[in-house]
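Quick notes on the structure that follows.
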Amino acid sequence: MRLDPTAHAERELGVDQVAVRQAISDSARPPRARALSAAFTFAWRGMLKVKHVPEQLVDVTITPVLFLLMFTYLFGGAVAGSTAEYLDYILPGILVMSVLFTTVYSGIALNTDLTKGVIDRFRSLPIWRPAPLVGSLLGDSVRYLIAGVVTVVLGVILGYRPDAGLVGVISTLALVVVFSFGLSWVFTTLGLLLRSPNAVMNTGFMALFPLTFLSNVFVDPSTLPPALETFVNINPISILATASRGLMNGNAETADIFIVLAVAAALTAVFAPLTVRLYHRG
Amino acid sequence: MQSQLAIQATGLIKSFGDTRAVDGVDLAVRRGSIYGVLGPNGAGKTTTIRMLATLIRPDAGSARVLGHDIVKEADAVRGAVSLTGQLASVDEDLTGRENLILIGRLLGLKRQVAKGRADELLEAFGLSDAASRLVKKFSGGMRRRLDIAASIVVTPQLMFLDEPTTGLDPRSRNQVWEIIRALVAEGTTILLCTQYLEEADQLAEGIAVIDHGKVIAEGTPAQLKASVGSGSLHVRLLHPEQRPQAERVLSRQLGHVTLEPDAAALSAACVDADQGAAVLAELATAGVPIADFSVGQPSLDEVFLALTGHPAEAAEAAEDQQSEAIGEERAS
């Protein structure tokens with residue numbers, strides 16, 4: 001030791017020993033953070049990330065814009081006779097699709113987080129166990145909301161006028177975001193099971209694409225072959241799209257809304273505990 | 001009455017697939033001390049720490065941390081310890097200040113208190129200037145300090161430090177050591193995993209040497225070094241072809257000689273600097289000029305050689321990680 005030249009070479013330190021000791025002795029352990037407060041802190045963390053890397057929002061905003069423009073002007077005339085009429089049908093559908101696609105990113109983000117050391121700290125804190133996950137998804141819900149709002153605003157610019165006005169828009173957004181919160185647990189589970197963010201993305205979109213296209217998002221299923229029509233009609237995404245159209249126009253079926261909420265609750269009940277367990281298994 | 005032991009572990013076992021990462025580790029760590037767990041990469045240090053910090057459950061064995069069972073009372077353990085992992089446990093996408101506020105809020109501090117605490121710690125740790133910079137732009141040393149600051153937003157009774165200075169330059173390493181000493185002076189118990197005997201020697205009161213998941217030696221740094229020989233003489237020759245000649249001189253004076261990978265270098269255990277100087281004089285007499293020499297502590301390799309008869313084996317993945325950390329440190 002004595003002869004090690006590095007040991008005493010540099011005593012000039014950026015660390016102030018007195019201040020460090022003061023800081024150490026200053027702290028008293030506060031009562032534990034309440035469950036929801038911890039979750040909201042994680043949601044705040046999600047918001048900060050968006051603030052520092054606003055590019056994250058590009059996906060969320062570009063996708064709905066592209067889909068809405070493409071479908072309205074490419075297929076509008078052919079499918080519904082006129083772009084204006086098709087817009088009326090498809091806008092709630094595109095809204096549903098854009099927001100659902102955004103849920104895959106929750107799984108991708110979680111998978112990316114897993115490779116970082118910070119997750120060990122979160123797991124070693126004395127907090128409500130689901131807080132990191134519930135909080136992240138609450139934060140992500142803001143992204144879902146942004147995707148939804150972008151779709152609606154663009155729709156209004158293109159001439160979309162929901163019969164139920166602002167109330168219709170707000171209740172539709174609320175329903176879609178709640179459903180997406182439930183669905184995102186599926187992708188957080190995937191995010192913890194699959195090896196890479198790319199695998200999560202591929203699996204997620206491979207599941208969502210067919211489910212979205214085999215729904216009534218784009219076309220009225222009454223023209224479909226009977227077997228397909230049956231599938232489309234029981235597809236929860238169809239029911240969500242139908243409920244959204246209803247809410248936008250002020251004539252939603254209570255049963256549809258109930259089914260949507262029940263599916264969201266069921267997805268949460270199954271996949272949330274699974275996600276929490278996988279997250280903490282180490 | 002609280003137990004005098006901060007950590008009491010018996011027969012901890014953990015396997016991953018076919019690999020038994022930890023194979024029956026016993027530890028007894030006194031409250032208020034720094035205890036070093038010394039071993040090469042892949043020896044089972046990190047797995048042991050992760051079990052004690054309740055991140056993973058042991059397959060067998062038991063442990064009490066601050067009197068709480070790590071499995072049955074995991075939450076109570078979490079409420080009294082903090083962990084500084086091998087990869088810095090801070091969020092790279094947030095600023096230094098945001099990281100500390102985040103941890104403060106999660107530990108239950110009110111918003112204003114958390115902010116004040118963050119600023120106090122940034123100041124004390126020499127990070128004020130970098131407070132609003134994203135952590136991914138921090139140097140390795142700054143990241144480590146922030147990591148430790150995050151661990152004491154609420155001062156823990158026990159702190160786990162997993163290779164806190166691996167990949168740091170000497171100056172940053174000394175800063176981290178200063179912080180560790182301050183923590184212990186204020187009464188925190190520290191379990192320190194390290195690959196460096198020097199680090200354990202500088203800081204720890206007791207050391208357990210761990211290899212292939214088992215504790216192979218335990219004692220104070222002095223005892224450990226005595227079992228190895230107090231130090232070693234490293235010599236690098238001006239002319240590599242004279243190494244056999246130099247080897248004869250060294251082995252006559254010092255016994256067992258290790259030929260190093262560098263074709264011009266060799267080393268041998270050596271009691272003190274005087275003995276080393278005598279050997280150097282003899283080399284000069286024998287007409288073997290040297291390029292450079294040092295008398296230092298036994299390396300981890302030498303400790304392992306003495307204790308186990310085989311050199312410390314480093315897992316390649318961990319090696320890569322280490323060189324990556326060094327690369328980052330240099331890049332900044």
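We name chains A, B, ... following the order of the structure tokens; residues begin at 1 in each chain, and ligands are numbered from 1 as shown.
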Select from chain B every residue with an atom at most 8 Å from any atom of chain A, then for each give the shortest pair of atoms and their distance in Å to one decimal, using only C-alpha atoms, rows by chain and rising number, as a tab-separated table.
residue	atom	partner	partner_atom	distance
B:Ala53	CA	A:Ser124	CA	6.6
B:Thr54	CA	A:Ser124	CA	6.9
B:Leu55	CA	A:Gly282	CA	5.8
B:Ile56	CA	A:Gly282	CA	5.2
B:Asp75	CA	A:Pro126	CA	6.0
B:Ala76	CA	A:Pro126	CA	7.7
B:Arg78	CA	A:Pro126	CA	5.0
B:Gly79	CA	A:Pro126	CA	5.0
B:Ser82	CA	A:Ser124	CA	7.0
B:Leu83	CA	A:Arg121	CA	6.4
B:Thr84	CA	A:Arg121	CA	7.4
B:Gly85	CA	A:Gly117	CA	6.7
B:Gln86	CA	A:Gly117	CA	7.6
B:Leu87	CA	A:Gly117	CA	4.9
B:Ala88	CA	A:Gly117	CA	5.6
B:Ser89	CA	A:Val118	CA	4.0
B:Val90	CA	A:Val118	CA	4.7
B:Asp91	CA	A:Val118	CA	5.6
B:Asp93	CA	A:Lys49	CA	6.2
B:Leu94	CA	A:Lys49	CA	6.7
B:Leu102	CA	A:Thr41	CA	6.8
B:Arg105	CA	A:Thr41	CA	6.8
B:Leu106	CA	A:Ala38	CA	5.3
B:Leu107	CA	A:Ala33	CA	5.7
B:Gly108	CA	A:Ala33	CA	3.9
B:Leu109	CA	A:Pro30	CA	6.2
B:Glu120	CA	A:Ala23	CA	6.8
B:Leu121	CA	A:Ala23	CA	6.4
B:Glu123	CA	A:Ala19	CA	7.9
B:Ala124	CA	A:Ala19	CA	4.9
B:Phe125	CA	A:Val15	CA	4.8
B:Gly126	CA	A:Gly14	CA	4.9
B:Ile152	CA	A:Ile24	CA	6.8
B:Val153	CA	A:Ser27	CA	7.3
B:Val154	CA	A:Ser27	CA	5.5
B:Thr155	CA	A:Ser27	CA	5.9
B:Pro170	CA	A:Thr6	CA	6.5
B:Arg171	CA	A:Glu10	CA	6.3
B:Asn174	CA	A:Ala7	CA	7.7
B:Gln175	CA	A:Val15	CA	6.2
B:Glu178	CA	A:Gln17	CA	7.0
B:Ile179	CA	A:Val20	CA	7.0
B:Ala182	CA	A:Arg21	CA	5.6
B:Leu183	CA	A:Ile24	CA	6.8
B:Ala185	CA	A:Arg21	CA	8.0
B:Glu186	CA	A:Ser25	CA	6.6
B:Glu198	CA	A:Met1	CA	7.5
B:Ser294	CA	A:Leu3	CA	7.9
B:Val295	CA	A:Leu3	CA	6.5
B:Gly296	CA	A:Asp4	CA	6.3
B:Gln297	CA	A:Met1	CA	6.1
DSSP strand (DSSP E) residues within range 57-134 of chain B, as JSON, numbers by chain: {"B": [60, 61, 62, 63, 64, 65, 68, 69, 81, 82, 83, 84]}
Residues near Val169 in chain A, cut-off 8 Å, only C-alpha atoms, skip fewer than 4 positions along chain, as a PyMOL selection string: chain A and resi 152+162+164-165+173+247-248
Pull C-alpha atoms from the residues just selected and write them as a PDB file, in the first residue's frame.
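again_30.pdb, written as the output of this step:
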ATOM      1  CA  VAL A 152     -59.730  13.905 -33.518  1.00  0.00           C
ATOM      2  CA  PRO A 162     -69.550  14.409 -34.113  1.00  0.00           C
ATOM      3  CA  ALA A 164     -72.464  14.659 -29.471  1.00  0.00           C
ATOM      4  CA  GLY A 165     -69.886  17.436 -29.785  1.00  0.00           C
ATOM      5  CA  LEU A 173     -61.263   9.370 -25.589  1.00  0.00           C
ATOM      6  CA  LEU A 247     -70.393   7.946 -27.984  1.00  0.00           C
ATOM      7  CA  MET A 248     -69.298  10.387 -30.671  1.00  0.00           C
TER       8      MET A 248
END
From A:Ser196, A:Asn249, A:Gln56, A:Ser180, residue lying nearest Arg161 in chain A [only C-alpha atoms]: A:Asn249
